[in-house]
$ cat model-v2.tsv   # TSV, C-alpha atoms
chain	number	residue	atom	x	y	z
A	1	MET	CA	15.09	18.71	-111.98
A	2	PRO	CA	12.51	19.15	-109.23
A	3	PRO	CA	12.47	16.78	-106.27
A	4	CYS	CA	10.21	13.74	-106.55
A	5	PRO	CA	7.12	14.13	-104.47
A	6	GLY	CA	5.18	11.54	-102.53
A	7	LYS	CA	6.40	7.93	-102.66
A	8	CYS	CA	9.53	8.91	-104.51
A	9	ALA	CA	10.94	10.62	-101.37
A	10	LYS	CA	10.36	7.52	-99.26
A	11	VAL	CA	12.16	5.40	-101.86
A	12	VAL	CA	15.15	7.74	-101.76
A	13	ASN	CA	15.33	7.54	-97.97
A	14	LEU	CA	15.08	3.75	-98.06
A	15	TRP	CA	17.82	3.65	-100.63
A	16	LEU	CA	20.08	5.83	-98.54
A	17	ASP	CA	19.51	3.61	-95.48
A	18	PHE	CA	20.27	0.50	-97.54
A	19	CYS	CA	23.50	1.96	-98.86
A	20	ASP	CA	24.51	2.86	-95.33
A	21	LYS	CA	23.89	-0.67	-94.05
A	22	GLN	CA	25.65	-2.26	-97.03
A	23	GLY	CA	28.73	-0.16	-96.43
A	24	HIS	CA	28.59	1.80	-99.69
A	25	PRO	CA	31.80	3.75	-100.26
A	26	CYS	CA	30.02	7.01	-100.13
A	27	PHE	CA	29.13	6.28	-96.49
A	28	ARG	CA	32.60	5.11	-95.45
A	29	HIS	CA	34.21	8.47	-95.30
A	30	PRO	CA	35.15	9.15	-91.69
A	31	VAL	CA	33.86	12.70	-91.70
A	32	MET	CA	30.57	11.90	-93.22
A	33	LYS	CA	27.61	11.80	-90.87
A	34	LYS	CA	24.15	10.53	-91.28
A	35	ILE	CA	22.13	13.39	-92.66
A	36	LYS	CA	18.40	13.41	-92.33
A	37	TYR	CA	16.07	15.12	-94.75
A	38	TYR	CA	12.47	16.00	-94.59
A	39	TYR	CA	9.98	16.97	-97.26
A	40	ASN	CA	8.91	20.56	-97.01
A	41	THR	CA	5.33	20.83	-98.27
A	42	ASN	CA	5.65	24.55	-98.60
A	43	THR	CA	8.61	24.52	-100.93
A	44	LEU	CA	7.78	21.07	-102.33
A	45	ARG	CA	11.39	19.94	-101.95
A	46	TYR	CA	13.58	17.88	-99.62
A	47	GLU	CA	15.44	19.94	-97.13
A	48	LYS	CA	18.17	19.08	-94.66
A	49	LEU	CA	16.85	18.52	-91.13
A	50	VAL	CA	18.61	20.90	-88.78
A	51	VAL	CA	17.94	20.53	-84.99
A	52	PRO	CA	18.38	23.77	-83.03
A	53	LEU	CA	20.89	23.81	-80.18
A	54	ARG	CA	18.16	24.76	-77.72
A	55	VAL	CA	16.20	21.63	-78.63
A	56	LYS	CA	19.33	19.50	-78.31
A	57	LEU	CA	20.02	20.91	-74.84
A	58	LEU	CA	16.45	20.33	-73.79
A	59	ARG	CA	16.64	16.74	-75.00
A	60	VAL	CA	19.90	16.17	-73.09
A	61	LEU	CA	18.52	17.76	-69.95
A	62	GLY	CA	15.32	15.74	-70.23
A	63	PHE	CA	17.31	12.54	-70.60
A	64	LEU	CA	19.50	13.39	-67.60
A	65	ALA	CA	16.45	14.31	-65.51
A	66	ALA	CA	14.71	11.08	-66.42
A	67	ALA	CA	17.88	9.14	-65.59
A	68	VAL	CA	18.24	10.86	-62.21
A	69	VAL	CA	14.58	10.33	-61.31
A	70	THR	CA	14.79	6.68	-62.34
A	71	ALA	CA	17.96	6.23	-60.29
A	72	LEU	CA	16.32	7.85	-57.28
A	73	ILE	CA	13.29	5.60	-57.59
A	74	ILE	CA	15.51	2.52	-57.82
A	75	VAL	CA	17.56	3.63	-54.77
A	76	PHE	CA	14.40	4.36	-52.78
A	77	LEU	CA	12.89	0.97	-53.57
A	78	GLY	CA	16.15	-0.73	-52.74
A	79	TRP	CA	16.39	1.18	-49.44
A	80	GLN	CA	12.87	0.18	-48.50
A	81	LEU	CA	12.88	-3.43	-49.65
A	82	LEU	CA	16.49	-4.54	-49.34
A	83	ASP	CA	18.75	-4.67	-46.25
A	84	SER	CA	22.35	-3.68	-46.24
A	85	PRO	CA	24.90	-6.24	-44.95
A	86	LYS	CA	25.18	-4.25	-41.71
A	87	GLU	CA	21.41	-4.23	-41.32
A	88	VAL	CA	21.28	-7.98	-41.92
A	89	VAL	CA	23.80	-8.52	-39.11
A	90	MET	CA	21.93	-6.13	-36.80
A	91	ARG	CA	18.61	-7.79	-37.58
A	92	ARG	CA	20.08	-11.18	-36.77
A	93	ASP	CA	21.52	-9.84	-33.51
A	94	ASN	CA	18.18	-8.29	-32.58
A	95	GLU	CA	16.41	-11.59	-33.15
A	96	ARG	CA	18.91	-13.38	-30.92
A	97	ILE	CA	18.60	-10.69	-28.22
A	98	ARG	CA	14.81	-10.92	-28.39
A	99	GLU	CA	14.98	-14.68	-27.88
A	100	ASP	CA	17.37	-14.16	-24.96
A	101	TYR	CA	14.93	-11.70	-23.39
A	102	VAL	CA	12.10	-14.18	-23.68
A	103	LEU	CA	14.20	-16.93	-22.04
A	104	LEU	CA	15.36	-14.59	-19.29
A	105	ASN	CA	11.82	-13.43	-18.62
A	106	ASN	CA	10.66	-17.04	-18.34
A	107	LYS	CA	13.50	-17.81	-15.92
A	108	ILE	CA	12.58	-14.79	-13.79
A	109	LYS	CA	8.97	-15.93	-13.64
A	110	SER	CA	10.12	-19.40	-12.56
A	111	MET	CA	12.36	-17.88	-9.88
A	112	GLU	CA	9.44	-15.71	-8.76
A	113	LEU	CA	7.26	-18.79	-8.25
A	114	GLN	CA	10.04	-20.53	-6.29
A	115	MET	CA	10.60	-17.42	-4.19
A	116	ALA	CA	6.90	-17.16	-3.40
A	117	GLU	CA	6.87	-20.83	-2.34
A	118	LEU	CA	9.88	-20.28	-0.05
A	119	GLU	CA	8.22	-17.24	1.54
A	120	LYS	CA	5.00	-19.17	2.05
A	121	ARG	CA	6.86	-22.10	3.60
A	122	ASP	CA	8.83	-19.70	5.80
A	123	ASN	CA	5.68	-18.11	7.25
A	124	HIS	CA	3.32	-21.08	7.40
A	125	VAL	CA	5.63	-24.01	8.11
A	126	TYR	CA	8.98	-23.17	9.69
A	127	ARG	CA	7.87	-20.28	11.86
A	128	GLU	CA	4.75	-22.09	13.00
A	129	ILE	CA	6.86	-25.07	14.07
A	130	PHE	CA	8.92	-22.82	16.33
A	131	GLU	CA	5.91	-20.74	17.39
A	132	ALA	CA	7.48	-17.63	15.88
A	133	ASN	CA	5.53	-14.74	14.47
A	134	PRO	CA	5.37	-14.65	10.65
A	135	ILE	CA	7.23	-11.90	8.85
A	136	PRO	CA	4.95	-8.81	8.81
A	137	ASP	CA	3.39	-7.61	5.60
A	138	SER	CA	5.49	-4.45	5.70
A	139	ALA	CA	8.60	-6.57	5.29
A	140	ARG	CA	6.99	-8.32	2.34
A	141	ALA	CA	6.12	-5.00	0.66
A	142	LYS	CA	8.92	-5.45	-1.81
A	143	SER	CA	7.29	-8.65	-2.90
A	144	LEU	CA	4.16	-6.75	-3.95
A	145	GLU	CA	6.27	-4.17	-5.75
A	146	LYS	CA	8.03	-6.98	-7.53
A	147	GLN	CA	4.74	-8.47	-8.73
A	148	GLN	CA	3.65	-5.07	-10.04
A	149	GLU	CA	6.91	-4.76	-11.94
A	150	ILE	CA	6.39	-8.18	-13.47
A	151	LYS	CA	2.92	-7.15	-14.70
A	152	LEU	CA	4.40	-3.94	-16.08
A	153	THR	CA	7.13	-5.72	-18.01
A	154	GLU	CA	4.63	-8.13	-19.53
A	155	GLY	CA	3.07	-5.26	-21.43
A	156	MET	CA	6.35	-3.81	-22.65
A	157	GLU	CA	7.96	-4.12	-26.03
A	158	ASP	CA	11.14	-6.14	-26.25
A	159	ASN	CA	13.37	-3.08	-26.34
A	160	GLU	CA	11.64	-1.64	-23.26
A	161	LEU	CA	12.01	-4.95	-21.45
A	162	ALA	CA	15.76	-4.62	-21.81
A	163	TYR	CA	15.74	-1.52	-19.61
A	164	SER	CA	13.57	-3.03	-16.88
A	165	ILE	CA	15.01	-6.53	-16.63
A	166	ALA	CA	18.00	-5.40	-14.53
A	167	GLY	CA	15.71	-3.76	-11.97
A	168	VAL	CA	13.57	-6.89	-11.75
A	169	VAL	CA	16.63	-9.04	-11.11
A	170	ASP	CA	17.91	-6.62	-8.44
A	171	ASN	CA	14.55	-6.73	-6.67
A	172	LEU	CA	14.58	-10.52	-6.73
A	173	MET	CA	18.11	-10.56	-5.31
A	174	ASN	CA	16.99	-8.28	-2.46
A	175	ARG	CA	14.13	-10.67	-1.66
A	176	MET	CA	16.53	-13.61	-1.71
A	177	ASN	CA	18.87	-11.81	0.71
A	178	PHE	CA	15.92	-11.04	2.98
A	179	GLN	CA	14.85	-14.68	2.86
A	180	LYS	CA	18.42	-15.79	3.61
A	181	LYS	CA	18.35	-13.65	6.76
A	182	SER	CA	14.99	-15.16	7.70
A	183	TYR	CA	16.40	-18.67	7.38
A	184	ALA	CA	19.36	-17.64	9.52
A	185	ASP	CA	16.85	-16.57	12.18
A	186	ILE	CA	15.08	-19.91	11.86
A	187	GLU	CA	18.41	-21.70	12.23
A	188	GLY	CA	18.89	-19.80	15.47
A	189	MET	CA	15.40	-20.89	16.53
A	190	ILE	CA	16.34	-24.50	15.78
A	191	LYS	CA	19.42	-24.27	17.97
A	192	ASP	CA	17.42	-22.53	20.68
A	193	LYS	CA	14.71	-25.18	20.34
A	194	GLU	CA	17.31	-27.89	20.80
A	195	LYS	CA	18.45	-26.19	23.98
A	196	LEU	CA	14.84	-25.84	25.11
A	197	LEU	CA	14.16	-29.53	24.51
A	198	ALA	CA	17.33	-30.46	26.40
A	199	ALA	CA	16.28	-28.17	29.27
A	200	THR	CA	12.74	-29.57	29.48
A	201	PRO	CA	12.23	-32.40	32.05
A	202	ALA	CA	11.51	-35.55	30.05
A	203	ILE	CA	12.36	-38.68	32.13
A	204	GLN	CA	11.58	-40.17	35.53
A	205	PRO	CA	14.05	-39.36	38.32
A	206	VAL	CA	14.59	-43.04	39.16
A	207	SER	CA	14.67	-46.20	37.08
A	208	ASN	CA	11.07	-47.38	36.87
A	209	LYS	CA	10.68	-49.61	33.83
A	210	ASP	CA	7.95	-51.74	35.36
A	211	LEU	CA	6.18	-48.65	36.81
A	212	SER	CA	6.07	-50.25	40.26
A	213	ARG	CA	7.69	-47.32	42.11
A	214	MET	CA	4.94	-44.73	41.63
A	215	ALA	CA	3.70	-44.21	45.23
A	216	SER	CA	1.75	-40.95	45.24
A	217	GLY	CA	0.69	-38.41	42.65
A	218	PHE	CA	0.30	-34.68	42.28
A	219	GLY	CA	-2.68	-32.99	43.94
A	220	TYR	CA	-4.51	-33.11	47.25
A	221	ARG	CA	-3.41	-36.13	49.29
A	222	ILE	CA	-3.61	-37.33	52.92
A	223	ASP	CA	-0.61	-36.10	54.90
A	224	PRO	CA	1.17	-39.14	56.48
A	225	VAL	CA	1.97	-37.27	59.68
A	226	TYR	CA	-0.98	-34.93	60.26
A	227	LYS	CA	-3.56	-37.18	58.54
A	228	THR	CA	-5.20	-34.17	56.90
A	229	VAL	CA	-5.76	-33.46	53.23
A	230	LYS	CA	-3.03	-31.21	51.95
A	231	MET	CA	-1.66	-30.20	48.57
A	232	HIS	CA	1.03	-32.59	47.40
A	233	ALA	CA	3.12	-30.56	44.95
A	234	GLY	CA	5.03	-33.44	43.40
A	235	LEU	CA	5.32	-37.18	42.79
A	236	ASP	CA	6.66	-39.75	45.25
A	237	PHE	CA	8.74	-42.63	43.87
A	238	ALA	CA	9.25	-45.38	46.49
A	239	ALA	CA	12.59	-47.14	46.15
A	240	PRO	CA	15.19	-48.85	48.39
A	241	GLN	CA	17.63	-46.55	50.09
A	242	GLY	CA	20.66	-45.97	47.89
A	243	THR	CA	18.72	-46.19	44.58
A	244	PRO	CA	20.31	-43.73	42.08
A	245	ILE	CA	18.51	-40.47	41.36
A	246	TYR	CA	19.00	-38.90	37.92
A	247	ALA	CA	18.64	-35.36	36.56
A	248	THR	CA	15.59	-35.24	34.33
A	249	ALA	CA	16.98	-32.46	32.06
A	250	ASP	CA	20.11	-30.44	31.40
A	251	GLY	CA	20.71	-27.65	33.86
A	252	ALA	CA	22.76	-26.19	36.70
A	253	VAL	CA	22.61	-27.05	40.39
A	254	LYS	CA	20.83	-24.17	42.11
A	255	LEU	CA	20.69	-25.68	45.59
A	256	ALA	CA	22.11	-28.86	47.16
A	257	GLY	CA	21.75	-29.49	50.91
A	258	ASN	CA	19.33	-29.50	53.84
A	259	THR	CA	17.62	-26.23	54.74
A	260	GLY	CA	15.21	-27.64	57.34
A	261	ASN	CA	12.08	-27.19	55.25
A	262	GLY	CA	10.98	-30.83	55.42
A	263	TYR	CA	12.63	-31.96	52.17
A	264	GLY	CA	15.67	-33.28	54.05
A	265	ASN	CA	18.65	-33.51	51.74
A	266	TYR	CA	17.39	-32.13	48.45
A	267	VAL	CA	18.61	-30.70	45.16
A	268	ILE	CA	17.09	-28.02	42.96
A	269	LEU	CA	18.21	-27.87	39.32
A	270	ASP	CA	17.74	-24.72	37.24
A	271	HIS	CA	17.20	-25.75	33.61
A	272	GLY	CA	16.55	-22.32	32.15
A	273	TYR	CA	13.50	-21.26	30.12
A	274	GLY	CA	11.62	-21.01	33.45
A	275	TYR	CA	12.03	-24.70	34.35
A	276	GLU	CA	13.25	-25.99	37.72
A	277	THR	CA	13.11	-29.49	39.27
A	278	LEU	CA	13.35	-30.56	42.93
A	279	TYR	CA	14.57	-33.94	44.27
A	280	GLY	CA	13.85	-34.38	48.02
A	281	HIS	CA	14.62	-36.75	50.92
A	282	GLN	CA	17.93	-37.99	49.51
A	283	TYR	CA	20.21	-40.20	51.51
A	284	LYS	CA	23.28	-38.57	49.99
A	285	ILE	CA	23.81	-35.78	47.48
A	286	LYS	CA	26.45	-36.13	44.77
A	287	VAL	CA	26.38	-32.68	43.12
A	288	LYS	CA	27.36	-29.20	44.29
A	289	PRO	CA	25.78	-25.77	43.71
A	290	GLY	CA	26.80	-24.23	40.38
A	291	GLN	CA	27.66	-27.58	38.82
A	292	ARG	CA	26.36	-28.26	35.29
A	293	VAL	CA	24.57	-31.57	34.75
A	294	LYS	CA	23.12	-33.41	31.79
A	295	ARG	CA	19.85	-35.30	31.53
A	296	GLY	CA	20.32	-38.80	32.99
A	297	GLU	CA	23.35	-37.80	35.08
A	298	LEU	CA	23.53	-39.12	38.68
A	299	ILE	CA	22.83	-36.38	41.27
A	300	GLY	CA	22.23	-38.41	44.46
A	301	TRP	CA	20.69	-41.50	46.10
A	302	VAL	CA	17.24	-42.27	47.49
A	303	GLY	CA	16.82	-41.82	51.27
A	304	SER	CA	14.26	-40.86	53.91
A	305	THR	CA	15.65	-37.62	55.30
A	306	GLY	CA	13.43	-34.75	56.39
A	307	LYS	CA	9.67	-35.16	56.77
A	308	SER	CA	9.36	-38.68	55.34
A	309	THR	CA	7.74	-41.97	56.32
A	310	GLY	CA	9.92	-44.22	54.18
A	311	PRO	CA	12.68	-44.31	51.54
A	312	HIS	CA	11.53	-42.43	48.46
A	313	VAL	CA	12.33	-39.43	46.29
A	314	HIS	CA	9.93	-36.53	46.21
A	315	TYR	CA	10.05	-35.02	42.69
A	316	GLU	CA	8.66	-31.63	41.68
A	317	VAL	CA	8.60	-29.60	38.44
A	318	HIS	CA	8.32	-25.80	38.54
A	319	LYS	CA	7.55	-23.55	35.57
A	320	ASN	CA	8.11	-19.83	36.14
A	321	GLY	CA	7.81	-20.40	39.88
A	322	GLN	CA	4.54	-22.36	39.67
A	323	HIS	CA	4.17	-26.03	40.63
A	324	ILE	CA	2.99	-28.19	37.72
A	325	ASP	CA	2.20	-31.89	37.56
A	326	PRO	CA	5.43	-33.79	36.73
A	327	ILE	CA	3.41	-36.67	35.27
A	328	TYR	CA	3.30	-34.85	31.92
A	329	PHE	CA	7.09	-34.74	31.62
A	330	PHE	CA	7.91	-38.42	31.13
A	331	TYR	CA	7.52	-38.58	27.35
A	332	ASN	CA	11.12	-39.67	26.70
A	333	ASP	CA	11.09	-43.00	28.52
A	334	LEU	CA	7.46	-44.16	28.39
A	335	THR	CA	5.35	-45.70	25.65
A	336	PRO	CA	1.78	-44.40	25.23
A	337	GLU	CA	0.48	-47.49	27.02
A	338	GLN	CA	2.91	-47.02	29.93
A	339	PHE	CA	2.07	-43.34	30.19
A	340	ASP	CA	-1.63	-44.14	30.34
A	341	ARG	CA	-0.97	-46.64	33.09
A	342	ILE	CA	1.23	-44.33	35.20
A	343	LEU	CA	-1.27	-41.52	34.71
A	344	LYS	CA	-3.96	-43.66	36.34
A	345	MET	CA	-1.62	-44.65	39.17
A	346	ALA	CA	-0.71	-41.02	39.90
A	347	ALA	CA	-4.38	-40.04	39.97
A	348	ALA	CA	-5.21	-42.45	42.81
A	349	GLY	CA	-6.25	-40.57	45.94
A	350	ASN	CA	-3.88	-42.27	48.41
A	351	GLN	CA	-1.60	-41.13	51.21
A	352	SER	CA	1.66	-39.40	50.33
A	353	PHE	CA	5.08	-40.35	51.72
A	354	ASP	CA	5.90	-36.85	52.96

$ encode --input "model-v2.tsv" --output "structure tokens"
Amino acid sequence: MPPCPGKCAKVVNLWLDFCDKQGHPCFRHPVMKKIKYYYNTNTLRYEKLVVPLRVKLLRVLGFLAAAVVTALIIVFLGWQLLDSPKEVVMRRDNERIREDYVLLNNKIKSMELQMAELEKRDNHVYREIFEANPIPDSARAKSLEKQQEIKLTEGMEDNELAYSIAGVVDNLMNRMNFQKKSYADIEGMIKDKEKLLAATPAIQPVSNKDLSRMASGFGYRIDPVYKTVKMHAGLDFAAPQGTPIYATADGAVKLAGNTGNGYGNYVILDHGYGYETLYGHQYKIKVKPGQRVKRGELIGWVGSTGKSTGPHVHYEVHKNGQHIDPIYFFYNDLTPEQFDRILKMAAAGNQSFD
């Protein structure tokens, strides 16, 4: 019987599939396999479909190739879009380090501003007070280098900033050490200034609260003996014989005695820094050459020895060997009003006592 053509073949195939699904006994044999048929139009009959081995191998290889390519695509996308646990930890650490760099950079900028303020105060305040020369620009050259480094680091990436931050900190530490040395120098100036102030004549040689003892001032005055106008190199303070005479600044006794030069018994104190003071016509001298004295310490008593017309103390101030007006060295024990008054008294063109 010839095979059924056309729709009959489709019915047979559908029937075979149905029997297979329904578990027909003929399909339950363990060695039986699903056999596929196809209708051969040349022979006009159903023939068993046989797939060549070459085609099977090509199908297997194609499937494996597609699987490998798909796997590679999935791995690539995962590598690009997803982070591994290690990368997640590293990314978190990098974010924290970046934040630390930003904070550290801000702190360095703040320290830079403070350092610049200290350097400015050092040059324009402290050193001007003590009449010291400011630090030369060559010594501040590192400061300019530091500012250039700051500008350089501002344009860096975060990872590049990590390599430069240590150098910036080292430069700032060097500037701080330099400034520390500068302040040590200023501290020495302060101590030296204290000594200078202590060595500068600043009080009257005798007690004169009511300013009644100013007898003659500095300048050209009438000589009491020769009655001619001569230079009077000091101030005369009239006082009863035996009135205490005080050192007007710290110093050492350079001379104490009578050398026959018209000053009678007199004392010269060497205060250092170019200052010397002379106290003439004393009745009695209390100090000895080489002795150290403090401002306000008793050195002798008022008298009228030497070329003198009455009990008084002749007081002189010398600066680097030159006579200067002592009237400008009473700022410690006079108010502005008293100083103005004694200044007018000393300027009167009267006769001196010696």

$ residues_around --input "model-v2.tsv" --residues "A:Val313" --least-positions-apart "5" --cutoff "12 Å" --atoms "only C-alpha atoms" --output "number ranges by chain"
A: 204-207, 213-216, 234-246, 263-267, 278-284, 300-308, 352-354

$ atom_distance --input "model-v2.tsv" --atom1 "atom CA of A:Glu95" --atom2 "atom CA of A:Leu82"
17.7 Å

$ atom_distance --input "model-v2.tsv" --atom1 "atom CA of A:Gly349" --atom2 "atom CA of A:Val317"
19.9 Å

$ atom_distance --input "model-v2.tsv" --atom1 "atom CA of A:Thr309" --atom2 "atom CA of A:Ser212"
18.1 Å

$ residues_around --input "model-v2.tsv" --residues "stretch 333-341 of chain A" --least-positions-apart "6" --cutoff "10 Å" --atoms "only C-alpha atoms" --output "PyMOL selection string"
chain A and resi 202-204+207-211+327

$ residues_around --input "model-v2.tsv" --residues "A:Gln351" --least-positions-apart "6" --cutoff "9 Å" --atoms "all atoms listed in the file" --output "ChimeraX atom specification"
/A:215-216,221-224,227,229

$ closest_residue --input "model-v2.tsv" --among "A:Ala233, A:Val102, A:Leu197, A:Met115" --to "A:Lys180" --atoms "all atoms listed in the file"
A:Met115

$ axis_aligned_box --input "model-v2.tsv" --around "stretch 204-218 of chain A" --padding-each-side "3 Å" --output "JSON"
{"center_x": 7.5, "center_y": -43.2, "center_z": 39.5, "size_x": 20.4, "size_y": 23.1, "size_z": 17.4}

$ closest_residue --input "model-v2.tsv" --among "A:Ile35, A:Met111, A:Met176, A:Ile324" --to "A:Lys48" --atoms "all atoms listed in the file"
A:Ile35

$ decode --input "model-v2.tsv" --residues "stretch 36-64 of chain A" --atoms "N, CA and C atoms" --output "compact mmCIF listing (two decimals), in the first residue's frame"
# COMPACT_ATOMS: atom_id res chain seq x y z
N LYS A 36 12.08 10.47 13.54
CA LYS A 36 11.44 11.50 12.73
C LYS A 36 11.46 11.06 11.26
N TYR A 37 10.36 11.36 10.61
CA TYR A 37 10.22 11.03 9.19
C TYR A 37 9.96 12.31 8.43
N TYR A 38 10.26 12.21 7.17
CA TYR A 38 9.97 13.32 6.29
C TYR A 38 9.43 12.77 4.98
N TYR A 39 8.67 13.54 4.31
CA TYR A 39 8.05 13.10 3.05
C TYR A 39 8.95 13.48 1.90
N ASN A 40 9.40 12.46 1.21
CA ASN A 40 10.28 12.65 0.07
C ASN A 40 9.41 12.83 -1.16
N THR A 41 9.45 14.01 -1.76
CA THR A 41 8.62 14.30 -2.93
C THR A 41 9.11 13.61 -4.18
N ASN A 42 10.36 13.17 -4.12
CA ASN A 42 10.89 12.47 -5.29
C ASN A 42 10.39 11.04 -5.35
N THR A 43 10.42 10.39 -4.18
CA THR A 43 9.98 9.00 -4.15
C THR A 43 8.53 8.88 -3.77
N LEU A 44 7.92 10.01 -3.34
CA LEU A 44 6.51 10.04 -2.92
C LEU A 44 6.25 9.05 -1.79
N ARG A 45 7.18 9.05 -0.83
CA ARG A 45 7.00 8.17 0.34
C ARG A 45 7.68 8.79 1.55
N TYR A 46 7.27 8.35 2.74
CA TYR A 46 7.89 8.80 3.98
C TYR A 46 9.17 8.05 4.20
N GLU A 47 10.18 8.82 4.50
CA GLU A 47 11.49 8.21 4.75
C GLU A 47 12.01 8.67 6.11
N LYS A 48 12.81 7.81 6.67
CA LYS A 48 13.40 8.11 8.00
C LYS A 48 14.41 9.23 7.86
N LEU A 49 14.30 10.22 8.79
CA LEU A 49 15.22 11.37 8.77
C LEU A 49 16.52 10.99 9.45
N VAL A 50 17.58 10.99 8.68
CA VAL A 50 18.90 10.64 9.21
C VAL A 50 19.79 11.88 9.11
N VAL A 51 20.30 12.35 10.30
CA VAL A 51 21.18 13.53 10.37
C VAL A 51 22.62 13.07 10.28
N PRO A 52 23.41 13.59 9.34
CA PRO A 52 24.81 13.18 9.23
C PRO A 52 25.62 13.61 10.47
N LEU A 53 26.67 12.83 10.74
CA LEU A 53 27.53 13.11 11.88
C LEU A 53 28.18 14.50 11.76
N ARG A 54 28.56 14.85 10.54
CA ARG A 54 29.18 16.15 10.34
C ARG A 54 28.25 17.28 10.75
N VAL A 55 26.98 17.14 10.41
CA VAL A 55 26.00 18.17 10.77
C VAL A 55 25.82 18.21 12.28
N LYS A 56 25.78 17.00 12.89
CA LYS A 56 25.65 16.97 14.36
C LYS A 56 26.82 17.69 15.04
N LEU A 57 28.05 17.39 14.53
CA LEU A 57 29.23 18.04 15.13
C LEU A 57 29.19 19.55 14.96
N LEU A 58 28.75 19.96 13.76
CA LEU A 58 28.66 21.40 13.53
C LEU A 58 27.65 22.04 14.46
N ARG A 59 26.53 21.34 14.69
CA ARG A 59 25.52 21.89 15.59
C ARG A 59 26.06 22.00 17.01
N VAL A 60 26.78 20.94 17.44
CA VAL A 60 27.36 20.97 18.80
C VAL A 60 28.39 22.08 18.93
N LEU A 61 29.26 22.16 17.93
CA LEU A 61 30.28 23.22 17.97
C LEU A 61 29.65 24.61 17.93
N GLY A 62 28.61 24.77 17.13
CA GLY A 62 27.93 26.06 17.08
C GLY A 62 27.31 26.43 18.42
N PHE A 63 26.70 25.40 19.07
CA PHE A 63 26.10 25.66 20.38
C PHE A 63 27.16 26.05 21.40
N LEU A 64 28.29 25.28 21.39
CA LEU A 64 29.37 25.60 22.34
C LEU A 64 29.94 26.99 22.07
